[in-house]
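Okay, structure first, notes after.
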Amino acid sequence: MPVCDAFHRVITYLRVSVTDRCNLRCRYCMPGSGVKKLPHKEILRYEEILKIINVVSQMGFKKVRITGGEPLVRKNIVFFIKEIKKIEGIEKICLTTNGTLLPNMAEKLYKAGLRHINISLDTLDRKKYAYITRRDAFGQVWKGIKRVIELGFDPIKINVVLIKGFNDDEIVDLAKLSFEYPLAVRFIEFMPLNHTQLEYGHCFLSAEEAISRLKKLGKLEPIPSSELDGPAKRYKIKGSLGEVGFITALSDHFCPKCNRLRLTPDGQLRPCLFSNREWDLKTPLRQGANEAEIKRIIEDAIAHKPKNHGYVKFISRRPMSWIGG
Ligand code: SAM
Ligand code: SF4
C-alpha cells in the first residue's frame, strides 16, 4: 500500500547517498580541502541499505536514486545495483554521477541493468571545468558521456548548475547538446547551502532567465511529466533529439509535488533537503531491529515531512556531498 504524508503526498522515491567521498571539489558543493570524512564504520554497509530498500519497496516505493558524494568511488557499486534490481516493486533505479569514472565503468553498470543516468557537467570548456571542480577531468567526463550514449543508456540527463558569471554565456551551447545527442540537459538553480564556496547573491541565475535565453533555439514545447520523472519542468525544442529541463528548487519550489525521502551514507533518513531533522535508521539496524520496526521509523519520518521548505537562509548541518543533492 502506498504511503501518504500529512499533506496527501504519496511518497514513492528514495534517494540513497552511498558515500560522502568524492574525487572532485566543486566550488558550489564543498571547500577545496574537502569536507570532514565520515569514519568508515559509520557508513552503512550495502546489506544494511538493501534492507532499507526492501522495506520501502513493501511500502510502495518505486524509484531509487544512487548518489553521493561520488557514488562510483564506492567499492562494489555494480554489485549493489545488481542487488537492487532484484527487489520487487522498485521499477526505476537511477544514478547521479560526476561522470569521471564512467569511461571504465559504464559498460559494467549497463550490464548490471542500470539504464537511467544523470551526469553533472557545468561547462563545455576544459579550463572552466578545472576551475569549477578544481580537477582537470573534463576529458574523462566527456568520454564517459560518449560511452553511455554508445551503450544506449536512456534517459541520459546532463545536470548543469546555473552560475551567473561562470556558465551563463554557455546556456545555449549546453542546450544545443540536446540537438546533437539524445540528451536531456537539465539546468539546476544554484542552492546556497552553507558549504558552497560561491557567493549566492552574485552567482544565482534563475531558470526563468535561462529559459528566456534558450528561446533563440526555437519554441520550448512543454513535455508532461509522470510521477516517477522528478521535479524538472521539461521542454522539447523542435529539431532536437533530446530535451531541456529546469529544476527550480528555490524560485518556484516543487514542495507540493515532493515524493521523496533521502538516506545519508551514515543511515539517517531525511524527509527534506532543507531541514536538518533526521530519523536514525543505522542504530536500530545495528541493534537488530526487524523489518516492522524499521518500517515504523520510516512511517514516522514520512508523517513529519514538512509541507514546504519556506526557504530563506537555510544552514545545513551536513554538506551537500553527504546528502546527495
Ligand atoms: N557527485 C555526484 C554529482 O556531482 O553528480 C552526485 C552528488 S552531487 C551532490 C548531486 C547533484 O547536486 C549534482 O548534479 C550537483 O551539481 C548538484 N549540486 C551540488 N551542490 C549544489 C548546489 N549548491 N546547488 C545546486 N546543485 C548542487
Ligand atoms: Fe563531488 Fe558531486 Fe559535490 Fe561535485 S557536486 S564535489 S562531484 S559530490
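As shown in the C-alpha cells, the chain order sets the letters A, B, ...; within each chain, residues go from 1, and ligands are also counted from 1 in the order they appear.
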Enumerate residues in contact with ligand 1: an atom-to-atom distance of at most 9 Å, counting only C-alpha atoms and all ligand atoms. Format the result as an MDAnalysis selection string. chainID A and resid 17 20:24 26:30 66:72 95:99 118:122 158:162 188:198 200 249 319:325
For Arg260 (chain A), find every residue with an atom within 12 Å (counting only C-alpha atoms), except residues of its own chain fewer than 4 positions away, and show them as a count of residues only. 36
Test item, strand (DSSP E) assignment across region 230-296 of chain A, answer as a VMD selection string: chain A and resid 233 to 237 243 to 247 260 to 263 268 to 270 279 to 280
Output as a PyMOL selection string all residues of region 201-274 of chain A that backbone DSSP marks as helix (DSSP H, G or I). chain A and resi 201-203+207-217+227-229+255-257
Have a look at A:Asn54, A:Asn76, A:Asn104, A:Thr133 and name the one nearest to ligand 2; count only C-alpha atoms and all ligand atoms.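 Among the listed residues, A:Thr133 lies closest to ligand 2.
Of the residues listed (A:Ile132, A:Leu124, A:Val172, A:Leu214), A:Ile132 shows the shortest atom-to-atom separation from ligand 2; distances use only C-alpha atoms and all ligand atoms.
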Closest to Leu114 (chain A) among A:Phe166, A:Tyr46, A:Phe79, A:Tyr131, using only C-alpha atoms?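 Closest residue, counting only C-alpha atoms: A:Phe79.
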Can you tell me, as a VMD selection string, what residues are no more than 10 Å from Glu42 (chain A) when counting only C-alpha atoms, ignoring any on the same chain fewer than 5 positions away? chain A and resid 265 to 267 282 to 283
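Each of A:Asp136, A:Gly152, A:Arg74, A:Glu48 was compared to Gln287 (chain A) using only C-alpha atoms, and A:Glu48 turns out to be the nearest.
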Using only C-alpha atoms and all ligand atoms, pick whichever of A:Thr123, A:Thr100, A:Asn167, A:Gln58 has the shortest atom-to-atom distance to ligand 2.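 For ligand 2, the nearest of the given residues is A:Thr100.
Residues with any atom within 12 Å of Asp154 (chain A), counting only C-alpha atoms and excluding same-chain neighbours fewer than 4 positions away, are Lys92, Ile93, Cys94, Leu95, Tyr110, Gly113, Leu114, Arg115, His116, Ile117, Asn118, Ile145, Val148, Ile149, Glu150, Ile158, Tyr181, Pro182, Leu183, Ala184 and Gly242 of chain A.
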Residues near Asp173 (chain A), cut-off 12 Å, only C-alpha atoms, skip fewer than 3 positions along chain, as a PyMOL selection string: chain A and resi 122-125+160+167-170+176-180+185+210+213-214+216-217+244
Any idea what's packed within 7 Å of Ala232 (chain A), counting only C-alpha atoms, ignoring anything in its chain fewer than 5 positions away? Could you give it as a PDB file with N, CA and C atoms, in the first residue's frame?
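Contents of selection-v1.pdb, freshly written:
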ATOM      1  N   GLY A 245      15.476  20.802 -19.519  1.00  0.00           N
ATOM      2  CA  GLY A 245      14.646  20.819 -18.312  1.00  0.00           C
ATOM      3  C   GLY A 245      15.216  21.824 -17.321  1.00  0.00           C
ATOM      4  N   PHE A 246      14.376  22.200 -16.366  1.00  0.00           N
ATOM      5  CA  PHE A 246      14.786  23.211 -15.398  1.00  0.00           C
ATOM      6  C   PHE A 246      14.351  22.766 -14.010  1.00  0.00           C
ATOM      7  N   ILE A 247      15.258  22.877 -13.068  1.00  0.00           N
ATOM      8  CA  ILE A 247      14.933  22.499 -11.698  1.00  0.00           C
ATOM      9  C   ILE A 247      15.027  23.752 -10.836  1.00  0.00           C
TER      10      ILE A 247
END
